[in-house]
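Note: the block below is structure-v1.cif and it holds mmCIF, C-alpha atoms.
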```
data_my_file
loop_
_atom_site.label_atom_id
_atom_site.label_comp_id
_atom_site.auth_asym_id
_atom_site.auth_seq_id
_atom_site.Cartn_x
_atom_site.Cartn_y
_atom_site.Cartn_z
CA ALA A 2 2.30 -6.87 4.62
CA SER A 3 -1.44 -7.17 4.51
CA PHE A 4 -3.78 -5.01 6.50
CA SER A 5 -7.35 -3.80 6.06
CA MET A 6 -7.66 -0.59 4.11
CA GLY A 7 -11.08 1.07 3.95
CA VAL A 8 -13.33 -1.98 4.18
CA GLU A 9 -16.89 -1.36 3.08
CA THR A 10 -19.11 -4.32 3.82
CA ARG A 11 -22.27 -2.35 4.49
CA ARG A 12 -23.19 -2.10 0.80
CA LEU A 13 -23.42 -5.87 0.50
CA ILE A 14 -25.51 -6.38 3.63
CA LYS A 15 -29.25 -5.92 3.30
CA LYS A 16 -30.44 -2.91 5.24
CA THR A 17 -33.12 -3.63 7.77
CA ASN A 18 -33.96 -0.02 8.47
CA LYS A 19 -35.73 1.53 5.48
CA ASN A 20 -35.92 5.00 7.01
CA SER A 21 -33.09 7.38 6.13
CA PRO A 22 -30.98 8.49 9.10
CA PRO A 23 -31.24 12.13 10.24
CA ILE A 24 -29.14 14.63 8.30
CA LEU A 25 -25.70 15.32 9.84
CA SER A 26 -26.03 12.27 12.09
CA HIS A 27 -23.13 9.81 12.26
CA GLU A 28 -25.00 7.19 10.25
CA PHE A 29 -25.93 9.74 7.57
CA VAL A 30 -22.28 10.77 7.15
CA ILE A 31 -21.13 7.14 7.01
CA GLN A 32 -23.73 6.11 4.42
CA ASN A 33 -23.20 9.15 2.19
CA HIS A 34 -19.51 9.93 2.71
CA GLY A 35 -18.71 9.39 -0.98
CA ASP A 36 -21.25 12.03 -2.02
CA ILE A 37 -20.17 14.41 0.75
CA THR A 38 -16.50 14.28 -0.24
CA SER A 39 -17.47 14.74 -3.91
CA VAL A 40 -19.27 17.96 -2.98
CA ILE A 41 -16.17 19.17 -1.09
CA LEU A 42 -14.03 18.55 -4.18
CA MET A 43 -16.52 20.39 -6.40
CA ILE A 44 -16.52 23.41 -4.07
CA VAL A 45 -12.71 23.60 -4.29
CA PHE A 46 -12.83 23.34 -8.09
CA LEU A 47 -15.42 26.11 -8.22
CA GLY A 48 -12.77 28.36 -6.69
CA PHE A 49 -11.04 28.50 -10.10
CA MET A 50 -14.02 30.40 -11.53
CA TRP A 51 -13.28 33.63 -9.63
CA GLN A 52 -10.04 35.54 -9.54
CA GLN A 53 -10.34 36.24 -5.81
CA THR A 54 -10.46 32.53 -4.93
CA SER A 55 -8.38 31.10 -7.77
CA ALA A 56 -5.08 31.47 -5.90
CA ILE A 57 -6.49 29.56 -2.90
CA ALA A 58 -7.87 26.76 -5.10
CA GLN A 59 -4.50 26.38 -6.83
CA VAL A 60 -2.76 25.67 -3.52
CA PHE A 61 -5.08 22.70 -2.94
CA VAL A 62 -5.38 21.28 -6.46
CA LEU A 63 -2.13 22.04 -8.31
CA PRO A 64 1.37 20.89 -7.31
CA GLN A 65 3.31 23.80 -5.82
CA TYR A 66 6.85 25.21 -6.11
CA ASN A 67 7.31 24.89 -9.86
CA GLU A 68 10.40 26.46 -11.40
CA THR A 69 12.10 26.68 -14.79
CA ILE A 70 15.40 24.87 -15.25
CA ASN A 71 17.99 25.84 -17.88
CA LYS A 72 20.42 23.10 -18.85
CA THR A 73 23.30 23.12 -21.32
CA THR A 74 23.90 19.86 -23.15
CA ALA A 75 27.24 18.47 -24.36
CA ASP A 76 26.55 20.11 -27.74
CA ASN A 77 26.26 23.52 -26.01
CA GLN A 78 22.52 23.62 -26.65
CA LEU A 79 20.24 25.26 -24.11
CA VAL A 80 17.42 22.99 -22.89
CA ILE A 81 14.60 24.59 -20.90
CA SER A 82 12.49 22.33 -18.69
CA GLU A 83 10.09 22.73 -15.80
CA GLY A 84 10.24 20.97 -12.46
CA PHE A 85 8.83 21.05 -8.94
CA ARG A 86 10.46 21.30 -5.54
CA VAL A 87 9.33 20.31 -2.05
CA GLY A 88 7.71 22.87 0.25
CA LEU A 89 5.30 23.47 3.13
CA ARG A 90 2.36 24.26 0.82
CA ASP A 91 2.44 20.62 -0.26
CA VAL A 92 0.55 19.88 2.96
CA PHE A 93 -2.59 21.55 1.53
CA THR A 94 -2.26 19.64 -1.75
CA VAL A 95 -1.91 16.34 0.12
CA LEU A 96 -4.97 17.26 2.21
CA PHE A 97 -7.06 17.87 -0.92
CA TYR A 98 -6.03 14.58 -2.53
CA THR A 99 -6.70 12.76 0.74
CA VAL A 100 -10.34 13.81 0.36
CA ALA A 101 -10.14 12.73 -3.29
CA CYS A 102 -8.87 9.29 -2.22
CA VAL A 103 -11.90 8.85 0.05
CA THR A 104 -14.14 9.60 -2.94
CA VAL A 105 -12.27 7.29 -5.32
CA HIS A 106 -12.24 4.56 -2.66
CA ALA A 107 -16.04 4.76 -2.33
CA VAL A 108 -16.54 4.74 -6.13
CA ILE A 109 -14.28 1.70 -6.66
CA GLN A 110 -15.99 -0.12 -3.80
CA GLU A 111 -19.55 0.54 -4.96
CA TYR A 112 -19.21 0.28 -8.73
CA VAL A 113 -16.41 -2.26 -9.16
CA ILE A 114 -15.69 -4.47 -6.15
CA ASP A 115 -19.25 -4.84 -4.81
CA LYS A 116 -20.64 -5.66 -8.26
CA LEU A 117 -17.81 -8.10 -8.99
CA ILE A 118 -18.32 -9.95 -5.70
CA LYS A 119 -22.09 -10.12 -6.24
CA LYS A 120 -21.57 -11.54 -9.74
CA ILE A 121 -19.08 -14.14 -8.50
CA CYS A 122 -21.39 -15.20 -5.66
CA ARG A 123 -24.36 -15.43 -8.01
CA ASP A 124 -22.59 -17.33 -10.81
CA SER A 125 -20.67 -19.79 -8.62
CA LYS A 126 -23.29 -19.98 -5.85
CA LEU A 127 -20.58 -19.03 -3.39
CA SER A 128 -21.57 -18.15 0.16
CA VAL A 129 -19.26 -15.50 1.63
CA SER A 130 -19.07 -14.93 5.37
CA LYS A 131 -18.60 -11.47 6.84
CA THR A 132 -14.94 -12.19 7.63
CA LYS A 133 -14.25 -13.33 4.08
CA LEU A 134 -16.14 -10.33 2.71
CA VAL A 135 -13.89 -7.99 4.70
CA LYS A 136 -10.80 -9.66 3.21
CA LEU A 137 -12.26 -9.58 -0.30
CA ASN A 138 -12.90 -5.84 -0.06
CA GLU A 139 -9.46 -5.25 1.41
CA SER A 140 -7.67 -7.22 -1.30
CA GLY A 141 -9.80 -5.63 -4.02
CA GLN A 142 -8.89 -2.11 -2.90
CA LEU A 143 -5.20 -2.83 -2.36
CA PHE A 144 -4.92 -4.74 -5.65
CA VAL A 145 -6.07 -1.60 -7.50
CA PHE A 146 -3.80 0.66 -5.44
CA TRP A 147 -0.67 -1.45 -5.85
CA ALA A 148 -1.31 -1.85 -9.59
CA TYR A 149 -1.53 1.94 -9.92
CA THR A 150 1.57 2.45 -7.73
CA LEU A 151 3.65 0.00 -9.78
CA GLY A 152 2.64 1.57 -13.10
CA HIS A 153 3.17 5.15 -11.92
CA ALA A 154 6.53 4.33 -10.27
CA ILE A 155 7.87 2.73 -13.46
CA TRP A 156 6.68 5.77 -15.44
CA CYS A 157 8.53 8.09 -13.04
CA MET A 158 11.72 6.00 -13.11
CA MET A 159 11.89 6.45 -16.86
CA ASP A 160 12.82 10.11 -16.22
CA PHE A 161 16.19 9.32 -14.65
CA PHE A 162 16.96 5.82 -15.93
CA GLN A 163 15.90 6.65 -19.50
CA SER A 164 17.37 4.15 -22.01
CA GLN A 165 20.01 2.61 -19.71
CA THR A 166 19.51 1.11 -16.29
CA ASP A 167 22.38 2.92 -14.56
CA ILE A 168 22.15 2.47 -10.80
CA THR A 169 24.45 5.45 -10.23
CA LYS A 170 21.58 7.71 -11.29
CA LEU A 171 20.10 7.03 -7.84
CA TRP A 172 22.76 9.17 -6.15
CA LEU A 173 24.79 11.08 -8.76
CA ASP A 174 24.33 14.88 -8.96
CA TYR A 175 22.63 15.06 -5.57
CA PRO A 176 21.04 17.44 -4.66
CA GLU A 177 21.02 19.47 -7.92
CA GLU A 178 19.29 16.84 -10.09
CA HIS A 179 17.20 15.40 -7.24
CA ARG A 180 15.61 18.42 -5.57
CA VAL A 181 13.68 19.39 -8.73
CA MET A 182 11.21 16.70 -9.79
CA PRO A 183 9.11 16.29 -12.93
CA LEU A 184 5.38 16.80 -12.50
CA ARG A 185 4.58 13.09 -12.59
CA THR A 186 7.10 12.34 -9.82
CA LYS A 187 5.79 15.06 -7.54
CA PHE A 188 2.21 13.94 -8.16
CA PHE A 189 3.23 10.34 -7.39
CA PHE A 190 4.42 11.28 -3.90
CA ILE A 191 1.36 13.46 -3.24
CA VAL A 192 -0.98 10.59 -4.14
CA GLN A 193 1.01 8.09 -2.07
CA LEU A 194 0.81 10.24 1.05
CA ALA A 195 -2.85 11.05 0.41
CA TYR A 196 -3.77 7.38 0.00
CA TRP A 197 -2.24 6.26 3.29
CA LEU A 198 -3.60 9.29 5.16
CA HIS A 199 -7.13 8.64 3.89
CA SER A 200 -7.10 5.46 5.98
CA PHE A 201 -7.61 7.47 9.17
CA PRO A 202 -11.04 8.91 8.19
CA GLU A 203 -11.87 5.39 6.97
CA PHE A 204 -11.53 4.19 10.57
CA TYR A 205 -14.55 6.33 11.43
CA LEU A 206 -16.44 5.67 8.20
CA GLN A 207 -16.08 1.89 8.54
CA LYS A 208 -16.80 1.87 12.31
CA TYR A 209 -13.55 0.25 13.32
CA LYS A 210 -13.13 -0.83 16.93
CA GLY A 211 -10.13 -0.06 19.13
CA GLU A 212 -8.23 -3.28 18.44
CA GLU A 213 -8.88 -3.05 14.70
CA MET A 214 -7.55 0.51 14.60
CA LYS A 215 -4.41 -0.43 16.55
CA GLU A 216 -3.73 -3.31 14.17
CA ARG A 217 -3.96 -1.07 11.10
CA THR A 218 -2.37 2.11 12.43
CA THR A 219 1.21 0.80 12.64
CA PRO A 220 1.67 -0.12 8.94
CA ILE A 221 -0.08 3.09 7.86
CA LEU A 222 2.25 5.23 9.97
CA ILE A 223 5.27 3.32 8.65
CA HIS A 224 4.26 4.08 5.05
CA VAL A 225 3.53 7.75 5.80
CA ALA A 226 6.83 8.22 7.68
CA ALA A 227 8.99 6.43 5.08
CA ILE A 228 7.44 8.17 2.06
CA SER A 229 7.50 11.58 3.77
CA ALA A 230 11.18 11.18 4.68
CA GLY A 231 12.20 10.16 1.17
CA TYR A 232 10.17 13.01 -0.33
CA ALA A 233 11.24 15.79 2.06
CA LEU A 234 14.95 14.85 2.12
CA ASN A 235 15.13 14.69 -1.71
CA PHE A 236 15.89 10.95 -1.65
CA ASN A 237 12.99 10.57 -4.08
CA ARG A 238 14.73 8.32 -6.62
CA ILE A 239 15.68 5.53 -4.23
CA THR A 240 12.25 5.87 -2.57
CA LEU A 241 10.58 5.40 -5.97
CA VAL A 242 12.53 2.21 -6.67
CA LEU A 243 11.82 0.73 -3.23
CA LEU A 244 8.11 1.53 -3.56
CA ALA A 245 8.05 -0.16 -6.98
CA PHE A 246 9.31 -3.39 -5.37
CA GLU A 247 6.74 -3.09 -2.58
CA ALA A 248 3.97 -2.49 -5.12
CA PHE A 249 4.92 -5.57 -7.14
CA VAL A 250 4.88 -7.78 -4.04
CA GLY A 251 1.57 -6.35 -2.79
CA PHE A 252 0.00 -6.70 -6.24
CA ILE A 253 0.75 -10.43 -6.39
CA PHE A 254 -0.30 -11.08 -2.79
CA HIS A 255 -3.73 -9.45 -3.01
CA ALA A 256 -4.46 -11.04 -6.39
CA ALA A 257 -3.67 -14.44 -4.84
CA ARG A 258 -5.74 -13.81 -1.72
CA PHE A 259 -8.75 -12.55 -3.68
CA LEU A 260 -8.69 -15.68 -5.87
CA HIS A 261 -8.20 -17.90 -2.81
CA ILE A 262 -11.30 -16.52 -1.06
CA ILE A 263 -13.51 -16.97 -4.13
CA GLU A 264 -12.23 -20.58 -4.25
CA CYS A 265 -10.05 -20.45 -7.36
CA LYS A 266 -7.71 -22.79 -5.52
CA ASN A 267 -5.36 -23.86 -8.33
CA THR A 268 -4.62 -20.34 -9.56
CA SER A 269 -4.34 -18.89 -6.07
CA GLN A 270 -1.92 -21.62 -4.93
CA LYS A 271 0.35 -20.90 -7.89
CA LEU A 272 0.22 -17.17 -7.18
CA PHE A 273 0.99 -17.73 -3.49
CA ARG A 274 4.07 -19.74 -4.48
CA VAL A 275 5.15 -16.89 -6.75
CA PHE A 276 4.49 -14.43 -3.93
CA ASN A 277 6.64 -16.39 -1.47
CA ILE A 278 9.57 -16.33 -3.89
CA VAL A 279 9.12 -12.70 -4.92
CA PHE A 280 8.71 -11.57 -1.31
CA VAL A 281 12.03 -13.07 -0.20
CA ILE A 282 13.88 -11.81 -3.30
CA SER A 283 12.39 -8.35 -2.80
CA ARG A 284 13.58 -8.16 0.84
CA VAL A 285 17.13 -9.10 -0.20
CA VAL A 286 17.24 -6.77 -3.23
CA GLU A 287 15.81 -3.79 -1.34
CA THR A 288 18.30 -4.26 1.51
CA LEU A 289 21.27 -4.57 -0.86
CA LEU A 290 20.08 -1.64 -2.97
CA ALA A 291 19.71 0.60 0.09
CA ALA A 292 23.19 -0.44 1.28
CA VAL A 293 24.76 0.41 -2.08
CA VAL A 294 22.96 3.75 -2.40
CA PHE A 295 23.23 5.07 1.16
CA TRP A 296 26.51 3.44 2.29
CA HIS A 297 28.49 3.78 -0.93
CA GLY A 298 26.70 6.11 -3.36
CA PHE A 299 25.74 9.12 -1.26
CA LYS A 300 29.01 8.89 0.69
CA VAL A 301 30.88 10.27 -2.34
CA ASN A 302 29.29 13.74 -2.10
CA GLU A 303 28.54 13.80 1.62
CA THR A 304 28.19 17.18 3.34
CA PRO A 305 29.01 17.94 7.01
CA PHE A 306 25.96 20.17 7.53
CA ILE A 307 22.37 20.32 6.27
CA ASP A 308 21.75 22.99 3.63
CA ILE A 309 17.98 23.57 3.49
CA ALA A 310 18.23 26.30 0.85
CA GLU A 311 20.04 23.94 -1.54
CA GLY A 312 17.98 20.93 -0.48
CA ASN A 313 21.07 19.02 0.61
CA PHE A 314 20.42 16.60 3.49
CA ASN A 315 23.25 14.21 2.68
CA THR A 316 24.98 14.22 6.07
CA SER A 317 26.46 11.05 7.53
CA PHE A 318 23.86 11.05 10.32
CA ILE A 319 20.85 11.24 7.95
CA ARG A 320 22.41 8.90 5.40
CA LEU A 321 23.21 6.13 7.89
CA ASN A 322 19.88 6.48 9.69
CA ALA A 323 18.08 6.21 6.35
CA LEU A 324 19.96 2.98 5.66
CA PHE A 325 19.22 1.73 9.17
CA GLY A 326 15.51 2.48 8.71
CA VAL A 327 15.31 0.54 5.44
CA VAL A 328 17.16 -2.46 6.90
CA VAL A 329 14.94 -2.53 10.01
CA LEU A 330 11.76 -2.36 7.90
CA GLN A 331 12.95 -5.19 5.65
CA GLY A 332 13.87 -7.28 8.68
CA TYR A 333 10.53 -6.56 10.33
CA GLN A 334 8.59 -7.66 7.25
CA PHE A 335 10.71 -10.77 6.82
CA ALA A 336 10.21 -11.68 10.50
CA LEU A 337 6.42 -11.46 10.10
CA PHE A 338 6.65 -13.56 6.93
CA ALA A 339 8.80 -16.21 8.64
CA LEU A 340 6.60 -16.36 11.75
CA PHE A 341 3.50 -16.85 9.60
CA HIS A 342 5.04 -19.76 7.67
CA PHE A 343 6.55 -21.35 10.79
CA GLY A 344 3.10 -21.20 12.36
CA ARG A 345 1.59 -22.96 9.36
CA ILE A 346 4.30 -25.64 9.42
CA ARG A 347 3.76 -26.22 13.15
CA GLU A 348 0.01 -26.44 12.58
CA SER A 349 0.39 -28.99 9.78
CA TRP A 350 2.78 -31.07 11.92
CA SER A 351 0.33 -31.10 14.82
CA LYS A 352 -2.46 -32.23 12.49
CA LYS A 353 -0.29 -35.04 11.14
CA ALA A 354 0.66 -36.08 14.68
CA LYS A 355 -2.99 -36.24 15.73
CA LYS A 356 -3.83 -38.33 12.65
CA SER A 357 -1.01 -40.77 13.34
CA GLN A 358 -2.07 -41.10 16.99
CA SER A 359 -5.66 -41.78 16.00
CA THR A 360 -4.58 -44.52 13.58
CA THR A 361 -2.09 -46.24 15.93
CA ILE A 362 -4.23 -46.17 19.09
CA THR A 363 -7.38 -47.70 17.66
CA PRO A 364 -9.37 -49.78 20.18
CA THR A 365 -9.64 -53.50 19.36
CA PRO A 366 -13.25 -54.51 18.80
CA LYS A 367 -14.76 -56.70 21.53
CA THR A 368 -15.84 -60.17 20.38
CA THR A 369 -18.96 -61.51 21.99
CA LYS A 370 -18.84 -65.22 22.82
CA THR A 371 -21.68 -67.51 21.88
CA LYS A 372 -23.50 -69.74 24.40
CA LYS A 373 -21.82 -72.85 22.98
CA GLU A 374 -18.32 -71.35 23.50
CA LYS A 375 -19.18 -70.45 27.11
CA LYS A 376 -20.32 -74.07 27.82
CA ASP A 377 -17.08 -75.45 26.35
CA GLU A 378 -15.12 -73.22 28.76
#
```
Is it possible to express this structure as structure tokens?
Amino acid sequence: ASFSMGVETRRLIKKTNKNSPPILSHEFVIQNHGDITSVILMIVFLGFMWQQTSAIAQVFVLPQYNETINKTTADNQLVISEGFRVGLRDVFTVLFYTVACVTVHAVIQEYVIDKLIKKICRDSKLSVSKTKLVKLNESGQLFVFWAYTLGHAIWCMMDFFQSQTDITKLWLDYPEEHRVMPLRTKFFFIVQLAYWLHSFPEFYLQKYKGEEMKERTTPILIHVAAISAGYALNFNRITLVLLAFEAFVGFIFHAARFLHIIECKNTSQKLFRVFNIVFVISRVVETLLAAVVFWHGFKVNETPFIDIAEGNFNTSFIRLNALFGVVVLQGYQFALFALFHFGRIRESWSKKAKKSQSTTITPTPKTTKTKKEKKDE
């Protein structure tokens, strides 16, 4: 699913007003939001310099609820490791990294995407309309995000898949092995939530209108709700795998769309064909995987009641609703995909019909008779 995420077209449009806007005005905040959020981050980091404020700064910057885990191997050797659990203080950490995402978004836009688009336009003498510029910025940002998500998700999956790809690792030893996450897994979920939440301040910073906000709010809320549920209910392993599939699909789509807009037609057409295949396969695989994990896997160690202290949420109600949610989301995305392609097919058929009508109903040219022919008549 494609939707605009933090579009910044103002840096590529020549400013007509040379005077700086008043400090603390809306325009001042919009133009300098990257610098403002950087200052906020620096103030939080300065809290580590004093003992009185260090504990507060840690809540915002460092992942919370770390604990030491003692495991005994098959050889009766004691292995000590450190992991992280889920808790309410994670809200403050997500809030801090939401501000960080706004800063990173502005940096990527100004120093990578804007310069790349300017270079492409200058070298190829390409004229980009405002609508195309919006899509270029959107695809540039989401290409970077999905590339990061895919890489980080694969890195996290190495913790529980290790050398063998055993699908039973997605549900075995729940909740004992699932409620305590490695640092990289916990940080992955924090960044995912922060990224999608940073879209809401971007509505203000990019001056979105009512219809534009409505169009973008639904997919953002879906991502926030799905990731939050998988994280809070300790279904983090299956959530990681599903997000890896989503990241791979989004990565291909936004690479193809970026190349299509800058008129690399041959490469973009090939990538769009790959995307169409990967998208359909991904919907099927994600649905089947969710069915195996939630219908069959978690059913083995199902519990009748929720145990918050142990982090066990594997009741039949939660398990089946989680499966239902995944299936509905896959169906929703596939329906949008099918409607888009049916619309294109209908449009191409109507164009062909108009062409055939114009060729068959061509008026016969009138022949003007000469004076001699008229006399003969």
With 7 Å as the cut-off and only C-alpha atoms counted, what is the closest atom pair between each nearby residue of region 170-213 of chain A and region 83-102 of chain A? Distances in Å to one decimal, ordered by chain and number, as JSON lines.
```
{"residue": "A:Arg180", "atom": "CA", "partner": "A:Arg86", "partner_atom": "CA", "distance": 5.9}
{"residue": "A:Val181", "atom": "CA", "partner": "A:Arg86", "partner_atom": "CA", "distance": 4.9}
{"residue": "A:Met182", "atom": "CA", "partner": "A:Phe85", "partner_atom": "CA", "distance": 5.0}
{"residue": "A:Pro183", "atom": "CA", "partner": "A:Gly84", "partner_atom": "CA", "distance": 4.8}
{"residue": "A:Leu184", "atom": "CA", "partner": "A:Gly84", "partner_atom": "CA", "distance": 6.4}
{"residue": "A:Lys187", "atom": "CA", "partner": "A:Phe85", "partner_atom": "CA", "distance": 6.9}
{"residue": "A:Ile191", "atom": "CA", "partner": "A:Val95", "partner_atom": "CA", "distance": 5.5}
{"residue": "A:Val192", "atom": "CA", "partner": "A:Tyr98", "partner_atom": "CA", "distance": 6.6}
{"residue": "A:Leu194", "atom": "CA", "partner": "A:Val95", "partner_atom": "CA", "distance": 6.7}
{"residue": "A:Ala195", "atom": "CA", "partner": "A:Thr99", "partner_atom": "CA", "distance": 4.2}
{"residue": "A:Tyr196", "atom": "CA", "partner": "A:Cys102", "partner_atom": "CA", "distance": 5.9}
{"residue": "A:Leu198", "atom": "CA", "partner": "A:Thr99", "partner_atom": "CA", "distance": 6.4}
{"residue": "A:His199", "atom": "CA", "partner": "A:Thr99", "partner_atom": "CA", "distance": 5.2}
```
As AutoDock Vina command-line options, please report the centre and edge lengths, rounded to one decimal in Å, of the axis-aligned box that holds all listed atoms of region 65-82 of chain A with 8 Å of padding on each of the six sides.
```
--center_x 15.3 --center_y 22.6 --center_z -16.8 --size_x 39.9 --size_y 24.2 --size_z 37.9
```
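Near Tyr333 (chain A), within 12 Å and counting all atoms listed in the file, sit Ala2, Pro220, Ile223, Arg284, Thr288, Gly326, Val327, Val328, Val329, Leu337, Phe338, Ala339 and Leu340 of chain A; same-chain residues fewer than 4 positions away were not included.
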### Task
Please work out which residues fall within 10 Å of (-11.9, 26.9, -8.3), coordinates as given in the file, with all atoms listed in the file counting, and return them as a list in words.
Leu42, Met43, Ile44, Val45, Phe46, Leu47, Gly48, Phe49, Met50, Trp51, Gln52, Gln53, Thr54, Ser55, Ala56, Ile57, Ala58, Gln59, Phe61 and Val62 of chain A
### Task
Check what the PyMOL selection byres ((chain A and resi 232-242) around 10) selects in the file above and give those residues as a PyMOL selection string.
chain A and resi 86-89+150-151+153-155+157-158+160-162+168+170-172+175-182+186-187+189-191+194+226-231+243-248+287+290-291+294-295+309+312-315+319-320+323
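Of the listed residues (A:Pro202, A:Gly35, A:Gly211, A:Pro64), A:Gly35 comes nearest to Val108 (chain A); the distances count only C-alpha atoms.
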### Query
Using all atoms listed in the file, which residues sit within 9 Å of Ile262 (chain A) once same-chain residues fewer than 4 positions away are excluded, as a VMD selection string?
chain A and resid 129 133 to 134 136 to 137 257 to 258 266 269
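Among the candidates A:His255, A:Lys300, A:His342, A:Lys120, the one nearest to Asn138 (chain A) when counting all atoms listed in the file is A:His255.
Pairwise distance (CA of Thr38 (chain A), CA of Thr104 (chain A)) equals 5.9 Å.
Coordinates place CA of Val135 (chain A) at a distance of 14.3 Å from CA of Leu206 (chain A).
Relative to CA of Phe144 (chain A), CA of Val281 (chain A) is found at 19.7 Å.
Between Trp147 (chain A) and the residues A:Thr218, A:Gln110, A:Gln193, A:Ser26, the shortest atom-to-atom distance, using all atoms listed in the file, involves A:Gln193.
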### Task
Run the PyMOL selection byres ((chain A and resi 275) around 12) on the file and write out the hits as a list in words.
Phe249, Val250, Gly251, Phe252, Ile253, Phe254, Ala256, Ala257, Thr268, Ser269, Gln270, Lys271, Leu272, Phe273, Arg274, Phe276, Asn277, Ile278, Val279, Phe280, Val281, Ile282 and Ser283 of chain A
Using all atoms listed in the file, give me every residue within 12 Å of (-14.6, 2.1, -5.9) in file coordinates, as a PDB file with C-alpha atoms, keeping the file's coordinate frame.
```
ATOM      1  CA  GLY A   7     -11.080   1.070   3.950  1.00  0.00           C
ATOM      2  CA  VAL A   8     -13.330  -1.980   4.180  1.00  0.00           C
ATOM      3  CA  GLU A   9     -16.890  -1.360   3.080  1.00  0.00           C
ATOM      4  CA  ARG A  12     -23.190  -2.100   0.800  1.00  0.00           C
ATOM      5  CA  GLY A  35     -18.710   9.390  -0.980  1.00  0.00           C
ATOM      6  CA  ALA A 101     -10.140  12.730  -3.290  1.00  0.00           C
ATOM      7  CA  CYS A 102      -8.870   9.290  -2.220  1.00  0.00           C
ATOM      8  CA  VAL A 103     -11.900   8.850   0.050  1.00  0.00           C
ATOM      9  CA  THR A 104     -14.140   9.600  -2.940  1.00  0.00           C
ATOM     10  CA  VAL A 105     -12.270   7.290  -5.320  1.00  0.00           C
ATOM     11  CA  HIS A 106     -12.240   4.560  -2.660  1.00  0.00           C
ATOM     12  CA  ALA A 107     -16.040   4.760  -2.330  1.00  0.00           C
ATOM     13  CA  VAL A 108     -16.540   4.740  -6.130  1.00  0.00           C
ATOM     14  CA  ILE A 109     -14.280   1.700  -6.660  1.00  0.00           C
ATOM     15  CA  GLN A 110     -15.990  -0.120  -3.800  1.00  0.00           C
ATOM     16  CA  GLU A 111     -19.550   0.540  -4.960  1.00  0.00           C
ATOM     17  CA  TYR A 112     -19.210   0.280  -8.730  1.00  0.00           C
ATOM     18  CA  VAL A 113     -16.410  -2.260  -9.160  1.00  0.00           C
ATOM     19  CA  ILE A 114     -15.690  -4.470  -6.150  1.00  0.00           C
ATOM     20  CA  ASP A 115     -19.250  -4.840  -4.810  1.00  0.00           C
ATOM     21  CA  LYS A 116     -20.640  -5.660  -8.260  1.00  0.00           C
ATOM     22  CA  LEU A 117     -17.810  -8.100  -8.990  1.00  0.00           C
ATOM     23  CA  ASN A 138     -12.900  -5.840  -0.060  1.00  0.00           C
ATOM     24  CA  GLU A 139      -9.460  -5.250   1.410  1.00  0.00           C
ATOM     25  CA  GLY A 141      -9.800  -5.630  -4.020  1.00  0.00           C
ATOM     26  CA  GLN A 142      -8.890  -2.110  -2.900  1.00  0.00           C
ATOM     27  CA  LEU A 143      -5.200  -2.830  -2.360  1.00  0.00           C
ATOM     28  CA  PHE A 144      -4.920  -4.740  -5.650  1.00  0.00           C
ATOM     29  CA  VAL A 145      -6.070  -1.600  -7.500  1.00  0.00           C
ATOM     30  CA  PHE A 146      -3.800   0.660  -5.440  1.00  0.00           C
TER      31      PHE A 146
END
```
### Query
Can you list, as a PyMOL selection string, every protein, DNA or RNA residue that comes within 8 Å of Ile263 (chain A) when you count all atoms listed in the file, leaving out same-chain residues fewer than 3 positions away?
chain A and resi 121+127+259-260
Using the atoms already present, construct N, CA and C atoms for region 81-90 of chain A and hand them back as a PDB file, in the frame of the given file.
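What follows is the written file part-v6.pdb:
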```pdb
ATOM      1  N   ILE A  81      15.433  23.997 -21.952  1.00  0.00           N
ATOM      2  CA  ILE A  81      14.600  24.590 -20.900  1.00  0.00           C
ATOM      3  C   ILE A  81      13.540  23.568 -20.486  1.00  0.00           C
ATOM      4  N   SER A  82      13.483  23.269 -19.214  1.00  0.00           N
ATOM      5  CA  SER A  82      12.490  22.330 -18.690  1.00  0.00           C
ATOM      6  C   SER A  82      11.881  22.898 -17.422  1.00  0.00           C
ATOM      7  N   GLU A  83      10.790  22.268 -17.002  1.00  0.00           N
ATOM      8  CA  GLU A  83      10.090  22.730 -15.800  1.00  0.00           C
ATOM      9  C   GLU A  83      10.042  21.613 -14.771  1.00  0.00           C
ATOM     10  N   GLY A  84      10.277  21.958 -13.526  1.00  0.00           N
ATOM     11  CA  GLY A  84      10.240  20.970 -12.460  1.00  0.00           C
ATOM     12  C   GLY A  84       9.596  21.530 -11.206  1.00  0.00           C
ATOM     13  N   PHE A  85       9.513  20.687 -10.187  1.00  0.00           N
ATOM     14  CA  PHE A  85       8.830  21.050  -8.940  1.00  0.00           C
ATOM     15  C   PHE A  85       9.706  20.671  -7.755  1.00  0.00           C
ATOM     16  N   ARG A  86       9.712  21.548  -6.763  1.00  0.00           N
ATOM     17  CA  ARG A  86      10.460  21.300  -5.540  1.00  0.00           C
ATOM     18  C   ARG A  86       9.509  20.949  -4.393  1.00  0.00           C
ATOM     19  N   VAL A  87      10.092  20.649  -3.251  1.00  0.00           N
ATOM     20  CA  VAL A  87       9.330  20.310  -2.050  1.00  0.00           C
ATOM     21  C   VAL A  87       9.145  21.575  -1.220  1.00  0.00           C
ATOM     22  N   GLY A  88       7.958  21.714  -0.589  1.00  0.00           N
ATOM     23  CA  GLY A  88       7.710  22.870   0.250  1.00  0.00           C
ATOM     24  C   GLY A  88       6.545  22.649   1.200  1.00  0.00           C
ATOM     25  N   LEU A  89       6.345  23.598   2.103  1.00  0.00           N
ATOM     26  CA  LEU A  89       5.300  23.470   3.130  1.00  0.00           C
ATOM     27  C   LEU A  89       3.894  23.499   2.539  1.00  0.00           C
ATOM     28  N   ARG A  90       3.707  24.194   1.416  1.00  0.00           N
ATOM     29  CA  ARG A  90       2.360  24.260   0.820  1.00  0.00           C
ATOM     30  C   ARG A  90       1.907  22.914   0.280  1.00  0.00           C
TER      31      ARG A  90
END
```
